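Just below is one structure, and these are the notes that go with it.
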Amino acid sequence: MQTMVLTNNVSVPSVGFGTFRAQQGADGVFLQALFSGYRHFDTASFYENETQLGRELISSGIARKELFLTSKAWRDEMGGPQIKAALERSCQRLGCDYLDLYLIHWPKQSPTDEKWLERVLESWAALEQCYRDGTVRAIGVSNFLPHHLKPLLRSCNVRPMVNQLEFHPGYVQWPAVRFCQHYGILVEAWSPLGRGRVLQEELLGRIGKRYGKTPAQICIRFALQCGVLPLPKSCDAQRMVQNRAVFDFSLTEEEVSELLSLPQMGWSGEHPDRPREVLQPCGKQA
Ligand code: A2P
């Protein structure tokens, strides 16, 4: 299995299984993902699927050390003692005694949150302790832009190893990706398919035809070639397999550049400093 390596030498399977709303698929969706070859699962307390995920992982009989499990602290689980307790709750629900990666889900509780930095720094210090005592093998953040990361980098003892961002053709947040890569922070892509909203884009179909690949596979390969770890999700067994079959071809530099240059499309409407944008059904901004 292809892996990427974090700054502390922890290896991460290069394509993870995104689980947001995946439990709305058939029972056994996570078992199906395991049968399809996924060993890296990305969940969060907010997704309310940790218990089901844990149950299905355990029922598979696959050894814990073969798996890479990520969870995240929600906005109301921030603060020193709170985040430690939240990590323990996630472990309990997942039925394991350590996590491979634990993230702060969002920097702010709300767009007008003025105390966010104090809370992030306090939470981070607690996560550093959890990292040192082995409850978690790596720690990181999610939805942090450079201006959120800079004060954290200035004051931390252990740098975040991962930052999870919305990343797909049409919304690559390139300055944030480059900033993270400069500091050795691995960027993981949430919604690497733009929740399916970008798959009709003509360029993806055109490039896909050259390689006999689907638009979804082009999105996933694109993330990998940008040094970004994709976390696609699917409730469909065939698409689960398809989304991992991305290691037998390469995009050219020109194709990557063309994909990086697409105009904005498929954005979720989520931004750490702004109220959620209401999107038109086609994915265009309101
Ligand atoms: P489904 O679960 O029916 O496969 P993202 O990972 O960007 O959040 O996108 C998830 C969405 O993309 C889901 O609606 C999922 O639907 C769809 N999807 C996942 N994989 C593929 C694929 N290979 N082809 C088309 N749609 C896909």
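Here's how to read the names in the structure tokens: chain A, B, ... by the order shown, residue numbers from 1 in each chain, ligand numbers from 1 in the order shown.
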
Env. residues ligand 1 / 8 Å / only C-alpha atoms and all ligand atoms / as a VMD selection string: chain A and resid 18 20 22 25 168 190 to 197 199 214 to 217 231 to 236 238 to 240 242 to 243

May I have the residues within 8 Å of stretch 83-91 of chain A as an NGL selection string, using only C-alpha atoms and disregarding those fewer than 2 positions away in the same chain? :A and (44-45 or 50 or 71-73 or 77-81 or 93-99 or 102 or 123 or 126-127 or 130)

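The smallest atom-to-atom distance between A:Phe68 and any of A:Leu260, A:Ile220, A:Ala138, A:Val177, using only C-alpha atoms, is found for A:Ala138.
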
Determine, using only C-alpha atoms, which residues of stretch 106-190 of chain A have any atom at most 12 Å from an atom of stretch 33-42 of chain A, and tabulate each with its shortest atom pair and distance in Å to one decimal place, rows ordered by chain and then rising number, as JSON lines.
{"residue": "A:Ser142", "atom": "CA", "partner": "A:Asp42", "partner_atom": "CA", "distance": 11.8}
{"residue": "A:Gln164", "atom": "CA", "partner": "A:Asp42", "partner_atom": "CA", "distance": 10.4}
{"residue": "A:Glu188", "atom": "CA", "partner": "A:Asp42", "partner_atom": "CA", "distance": 10.2}
{"residue": "A:Ala189", "atom": "CA", "partner": "A:Asp42", "partner_atom": "CA", "distance": 10.8}
{"residue": "A:Trp190", "atom": "CA", "partner": "A:Asp42", "partner_atom": "CA", "distance": 9.4}

How would the residues just chosen look if you wrote them out with N, CA and C atoms as a PDB file, in the first residue's frame?
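File written: out.pdb
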ATOM      1  N   SER A 142      -7.333  21.258  11.341  1.00  0.00           N
ATOM      2  CA  SER A 142      -8.181  21.123  10.171  1.00  0.00           C
ATOM      3  C   SER A 142      -8.808  22.492   9.914  1.00  0.00           C
ATOM      4  N   GLN A 164      -5.992  19.548   7.578  1.00  0.00           N
ATOM      5  CA  GLN A 164      -6.986  19.042   6.622  1.00  0.00           C
ATOM      6  C   GLN A 164      -7.767  20.221   6.060  1.00  0.00           C
ATOM      7  N   GLU A 188      -4.176  17.225   4.023  1.00  0.00           N
ATOM      8  CA  GLU A 188      -5.131  16.194   3.614  1.00  0.00           C
ATOM      9  C   GLU A 188      -6.331  16.896   2.989  1.00  0.00           C
ATOM     10  N   ALA A 189      -6.879  16.276   1.937  1.00  0.00           N
ATOM     11  CA  ALA A 189      -7.992  16.900   1.220  1.00  0.00           C
ATOM     12  C   ALA A 189      -9.320  16.345   1.700  1.00  0.00           C
ATOM     13  N   TRP A 190     -10.139  17.217   2.332  1.00  0.00           N
ATOM     14  CA  TRP A 190     -11.529  16.767   2.534  1.00  0.00           C
ATOM     15  C   TRP A 190     -12.337  17.165   1.296  1.00  0.00           C
TER      16      TRP A 190
END

At a cut-off of 9 Å, using only C-alpha atoms, what residues contact A:Leu259? Leave out same-chain residues fewer than 3 positions from it and give the result as a compact mmCIF listing (two decimals) with N, CA, C and O atoms, in the first residue's frame.
# COMPACT_ATOMS: atom_id res chain seq x y z
N PRO A 169 -10.32 20.13 -7.59
CA PRO A 169 -10.27 21.04 -8.73
C PRO A 169 -11.38 22.08 -8.56
O PRO A 169 -12.51 21.75 -8.22
N GLY A 170 -11.01 23.35 -8.72
CA GLY A 170 -11.99 24.41 -8.54
C GLY A 170 -11.97 25.02 -7.15
O GLY A 170 -12.63 26.04 -6.90
N LEU A 203 -13.02 19.47 -18.37
CA LEU A 203 -11.58 19.21 -18.35
C LEU A 203 -11.26 17.85 -17.70
O LEU A 203 -10.37 17.12 -18.14
N LEU A 204 -12.00 17.53 -16.64
CA LEU A 204 -11.75 16.25 -15.94
C LEU A 204 -12.06 15.07 -16.86
O LEU A 204 -11.32 14.09 -16.91
N CYS A 219 -9.45 13.58 -10.12
CA CYS A 219 -9.41 14.45 -8.92
C CYS A 219 -8.48 13.87 -7.87
O CYS A 219 -7.70 14.60 -7.23
N PHE A 222 -4.87 14.01 -8.97
CA PHE A 222 -4.48 15.43 -8.92
C PHE A 222 -4.04 15.80 -7.49
O PHE A 222 -2.97 16.40 -7.29
N GLU A 254 1.65 19.77 -17.16
CA GLU A 254 0.71 20.70 -17.81
C GLU A 254 -0.72 20.41 -17.34
O GLU A 254 -1.50 21.33 -17.10
N GLU A 255 -1.05 19.12 -17.22
CA GLU A 255 -2.41 18.77 -16.78
C GLU A 255 -2.65 19.24 -15.34
O GLU A 255 -3.72 19.79 -15.01
N VAL A 256 -1.64 19.03 -14.49
CA VAL A 256 -1.78 19.49 -13.09
C VAL A 256 -1.96 21.01 -13.07
O VAL A 256 -2.83 21.53 -12.37
N LEU A 262 -8.22 26.05 -12.76
CA LEU A 262 -9.67 26.12 -13.02
C LEU A 262 -10.30 27.25 -12.22
O LEU A 262 -9.87 27.52 -11.09

Report, in Å to a single decimal, how far apart atom CA of A:Ala176 and atom CA of A:Pro146 are. 5.8 Å

Would you mind reading off the distance between atom CA of A:Thr70 and atom CA of A:Gly16, one decimal, in Å? 9.7 Å

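Of the listed residues (A:Leu67, A:Val12, A:Val228, A:Ile139), A:Val228 comes nearest to A:Glu166; the distances count only C-alpha atoms.
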